[in-house]
Amino acid sequence: MTEKLNKEEKVEKLIELFSKHYPEPGTALNFSTPFELLIATILSAQTTDIQVNKVTEDLFEKYNTPGSMLQLSQKELENKINSIGLFRNKAKYILKTCKILLNDFEGEVPKTRKELMQLSGVGRKTANVVLANAFFKAAFPVDTHVFRVSARLGLSSGENVKRTEEELTDLIPKKYWIDFHHWLIDHGRAVCKAQNPDCENCFASGICSYYNN
DNA sequence: AACTCGGGGCA
DNA sequence: TGCCCAGAGTT
């Protein structure tokens, strides 16, 4: 039975299955510099990359550095991003982060998780997105869907976020990180839901630890 | 550990 | 129309 696949074989099989069923993995954040990715990722909490891209396309035209972003008052920034949720908090986080970048990091986005997490609105998941996608470091971003779905599939232990992050960082070929992240999210929302997962209609049930236990 | 922010997605 | 949330900060 396919259930006896080891984790590496499971990942291979999943990439095959995901590619087939989700041929277009969720839209990724648009960015052209580490700073833009940092801001876009802060904005992406509790919303979709598509919504973020709608906002940043215009925003980054003029405001793509900490210094230029700080030309905006909090109210002005709020008005530019108010089509996405939590916009007041996010405007506050972004302006505070820009000040910290100028004061403590010479206006550059830091390249370590510890430093990134000193910024406002930047937790472990956001820090990892920046580390992985702007600086090509080994740090798989783990959000709630990734945590739950990868644990159910048997790719991670499900102990905690930090452990899951280490497990997926080692397990998933880096080439597939962005796609795999979106696949797990898409699958987590559509099928492998937190409550009442739709296992009967899941194409991965044959190799899923949760389903086979 | 629980509460808060919020427009979008989805039933 | 109502419920839940593609996190992080605060209390």
# chains A, B, ... in the order shown; residues from 1 in each chain; ligands from 1
call {"tool": "closest_atom_pairs", "arguments": {"of": "chain A", "to": "chain B", "cutoff": "8 Å", "atoms": "only C-alpha atoms (C1' of nucleotides)", "output": "tab-separated table"}}
result
residue	atom	partner	partner_atom	distance
A:Thr47	CA	B:DG8	C1'	7.6
A:Ser83	CA	B:DG7	C1'	6.6
A:Ile84	CA	B:DG7	C1'	5.4
A:Gly85	CA	B:DG6	C1'	4.3
A:Leu86	CA	B:DG6	C1'	4.9
A:Phe87	CA	B:DG6	C1'	7.5
A:Asn89	CA	B:DC5	C1'	6.9
call {"tool": "write_last_selection", "arguments": {"atoms": "N, CA and C atoms", "output": "PDB file, in the first residue's frame"}}
result
ATOM      1  N   THR A  47      -4.898  37.499   5.163  1.00  0.00           N
ATOM      2  CA  THR A  47      -5.546  37.801   3.894  1.00  0.00           C
ATOM      3  C   THR A  47      -4.776  37.104   2.778  1.00  0.00           C
ATOM      4  N   SER A  83      -8.213  48.559   1.665  1.00  0.00           N
ATOM      5  CA  SER A  83      -9.037  47.528   1.017  1.00  0.00           C
ATOM      6  C   SER A  83      -8.719  46.141   1.563  1.00  0.00           C
ATOM      7  N   ILE A  84      -7.750  46.050   2.446  1.00  0.00           N
ATOM      8  CA  ILE A  84      -7.463  44.751   3.062  1.00  0.00           C
ATOM      9  C   ILE A  84      -7.718  44.815   4.566  1.00  0.00           C
ATOM     10  N   GLY A  85      -7.926  43.655   5.140  1.00  0.00           N
ATOM     11  CA  GLY A  85      -8.272  43.590   6.554  1.00  0.00           C
ATOM     12  C   GLY A  85      -7.143  44.037   7.469  1.00  0.00           C
ATOM     13  N   LEU A  86      -7.497  44.431   8.683  1.00  0.00           N
ATOM     14  CA  LEU A  86      -6.525  44.811   9.703  1.00  0.00           C
ATOM     15  C   LEU A  86      -5.649  45.967   9.262  1.00  0.00           C
ATOM     16  N   PHE A  87      -6.193  46.860   8.404  1.00  0.00           N
ATOM     17  CA  PHE A  87      -5.340  47.864   7.763  1.00  0.00           C
ATOM     18  C   PHE A  87      -4.803  48.912   8.732  1.00  0.00           C
ATOM     19  N   ASN A  89      -3.914  48.448  11.953  1.00  0.00           N
ATOM     20  CA  ASN A  89      -2.763  47.836  12.618  1.00  0.00           C
ATOM     21  C   ASN A  89      -1.571  47.757  11.677  1.00  0.00           C
TER      22      ASN A  89
END
call {"tool": "interface_residues", "arguments": {"of": "chain A", "to": "chain C", "cutoff": "9 Å", "atoms": "only C-alpha atoms (C1' of nucleotides)", "output": "MDAnalysis selection string"}}
result
chainID A and resid 42 44:49 120:123 125:126 143:145 182 185:186
call {"tool": "write_last_selection", "arguments": {"atoms": "all heavy atoms", "output": "compact mmCIF listing (two decimals), in the first residue's frame"}}
result
# COMPACT_ATOMS: atom_id res chain seq x y z
N ILE A 42 4.15 41.74 5.68
CA ILE A 42 3.44 42.28 6.84
C ILE A 42 1.96 42.47 6.49
O ILE A 42 1.08 42.16 7.28
CB ILE A 42 4.06 43.62 7.29
CG1 ILE A 42 5.46 43.39 7.89
CG2 ILE A 42 3.16 44.33 8.29
CD1 ILE A 42 6.22 44.67 8.22
N SER A 44 0.27 40.78 4.45
CA SER A 44 -0.39 39.54 4.03
C SER A 44 -1.04 38.76 5.18
O SER A 44 -1.72 37.77 4.93
CB SER A 44 0.61 38.64 3.32
OG SER A 44 1.50 38.03 4.24
N ALA A 45 -0.86 39.22 6.42
CA ALA A 45 -1.46 38.50 7.54
C ALA A 45 -2.97 38.41 7.41
O ALA A 45 -3.65 39.42 7.18
CB ALA A 45 -1.08 39.17 8.86
N GLN A 46 -3.51 37.22 7.55
CA GLN A 46 -4.96 37.00 7.56
C GLN A 46 -5.64 37.45 6.27
O GLN A 46 -6.83 37.78 6.29
CB GLN A 46 -5.61 37.72 8.75
CG GLN A 46 -5.12 37.21 10.08
CD GLN A 46 -5.57 35.82 10.38
OE1 GLN A 46 -4.89 34.85 10.09
NE2 GLN A 46 -6.74 35.67 10.95
N THR A 47 -4.90 37.50 5.16
CA THR A 47 -5.55 37.80 3.89
C THR A 47 -4.78 37.10 2.78
O THR A 47 -3.81 36.40 3.04
CB THR A 47 -5.62 39.32 3.63
OG1 THR A 47 -6.43 39.56 2.50
CG2 THR A 47 -4.25 39.90 3.40
N THR A 48 -5.20 37.28 1.55
CA THR A 48 -4.57 36.56 0.44
C THR A 48 -3.52 37.41 -0.26
O THR A 48 -3.57 38.64 -0.23
CB THR A 48 -5.62 36.16 -0.61
OG1 THR A 48 -6.16 37.34 -1.20
CG2 THR A 48 -6.74 35.35 0.02
N ASP A 49 -2.58 36.74 -0.90
CA ASP A 49 -1.55 37.45 -1.66
C ASP A 49 -2.18 38.29 -2.77
O ASP A 49 -1.66 39.36 -3.12
CB ASP A 49 -0.57 36.45 -2.26
CG ASP A 49 0.27 35.77 -1.19
OD1 ASP A 49 0.13 36.13 0.00
OD2 ASP A 49 1.08 34.89 -1.53
N SER A 120 8.40 45.60 13.72
CA SER A 120 6.99 45.60 14.13
C SER A 120 6.13 44.89 13.10
O SER A 120 6.25 45.13 11.89
CB SER A 120 6.52 47.04 14.30
OG SER A 120 5.18 47.07 14.72
N GLY A 121 5.28 44.00 13.56
CA GLY A 121 4.40 43.26 12.65
C GLY A 121 5.08 42.06 12.04
O GLY A 121 4.52 41.43 11.13
N VAL A 122 6.29 41.74 12.50
CA VAL A 122 7.05 40.63 11.94
C VAL A 122 7.22 39.54 12.99
O VAL A 122 7.95 39.71 13.96
CB VAL A 122 8.44 41.09 11.46
CG1 VAL A 122 9.21 39.90 10.87
CG2 VAL A 122 8.29 42.20 10.43
N GLY A 123 6.53 38.43 12.79
CA GLY A 123 6.68 37.26 13.64
C GLY A 123 7.51 36.22 12.93
O GLY A 123 8.18 36.50 11.94
N LYS A 125 6.65 33.57 11.12
CA LYS A 125 6.23 33.23 9.76
C LYS A 125 6.67 34.30 8.77
O LYS A 125 7.24 34.00 7.73
CB LYS A 125 4.70 33.06 9.73
CG LYS A 125 4.17 32.60 8.38
CD LYS A 125 3.55 33.75 7.63
CE LYS A 125 3.03 33.29 6.28
NZ LYS A 125 2.41 34.42 5.55
N THR A 126 6.42 35.55 9.10
CA THR A 126 6.81 36.65 8.21
C THR A 126 8.32 36.71 8.04
O THR A 126 8.83 36.90 6.93
CB THR A 126 6.28 37.99 8.76
OG1 THR A 126 4.86 37.93 8.82
CG2 THR A 126 6.70 39.16 7.89
N ASP A 143 2.47 28.65 8.45
CA ASP A 143 1.27 29.29 8.97
C ASP A 143 0.31 28.20 9.46
O ASP A 143 0.67 27.03 9.49
CB ASP A 143 0.61 30.16 7.90
CG ASP A 143 0.35 29.38 6.63
OD1 ASP A 143 -0.16 28.25 6.72
OD2 ASP A 143 0.68 29.89 5.55
N THR A 144 -0.90 28.58 9.82
CA THR A 144 -1.81 27.62 10.43
C THR A 144 -2.15 26.47 9.48
O THR A 144 -2.25 25.32 9.92
CB THR A 144 -3.12 28.30 10.87
OG1 THR A 144 -3.70 28.96 9.74
CG2 THR A 144 -2.86 29.29 11.97
N HIS A 145 -2.34 26.78 8.20
CA HIS A 145 -2.68 25.72 7.24
C HIS A 145 -1.51 24.78 7.02
O HIS A 145 -1.68 23.56 7.01
CB HIS A 145 -3.12 26.32 5.90
CG HIS A 145 -4.42 27.04 5.97
ND1 HIS A 145 -5.59 26.43 6.37
CD2 HIS A 145 -4.74 28.32 5.71
CE1 HIS A 145 -6.58 27.31 6.34
NE2 HIS A 145 -6.09 28.47 5.95
N HIS A 182 1.92 27.32 -1.03
CA HIS A 182 0.59 27.66 -1.54
C HIS A 182 -0.29 26.44 -1.71
O HIS A 182 -1.49 26.50 -1.49
CB HIS A 182 0.72 28.42 -2.86
CG HIS A 182 1.09 29.85 -2.68
ND1 HIS A 182 2.35 30.34 -2.90
CD2 HIS A 182 0.35 30.91 -2.25
CE1 HIS A 182 2.38 31.62 -2.63
NE2 HIS A 182 1.19 32.00 -2.24
N ILE A 185 -1.73 25.57 1.62
CA ILE A 185 -2.75 26.54 2.00
C ILE A 185 -4.03 26.30 1.20
O ILE A 185 -5.13 26.23 1.77
CB ILE A 185 -2.24 27.98 1.78
CG1 ILE A 185 -1.19 28.31 2.83
CG2 ILE A 185 -3.40 28.97 1.85
CD1 ILE A 185 -0.52 29.64 2.61
N ASP A 186 -3.89 26.17 -0.11
CA ASP A 186 -5.08 25.93 -0.95
C ASP A 186 -5.79 24.65 -0.52
O ASP A 186 -7.02 24.62 -0.39
CB ASP A 186 -4.66 25.81 -2.42
CG ASP A 186 -4.24 27.15 -3.00
OD1 ASP A 186 -4.51 28.18 -2.36
OD2 ASP A 186 -3.63 27.15 -4.08
call {"tool": "select_by_dssp", "arguments": {"residues": "segment 37-164 of chain A", "states": "alpha helix (DSSP H)", "output": "NGL selection string"}}
result
:A and (37-43 or 49-62 or 66-69 or 74-81 or 87-104 or 113-116 or 124-133 or 144-153 or 161-164)
call {"tool": "atom_distance", "arguments": {"atom1": "atom CA of Lys90 of chain A", "atom2": "atom CA of Thr41 of chain A"}}
result
10.4 Å
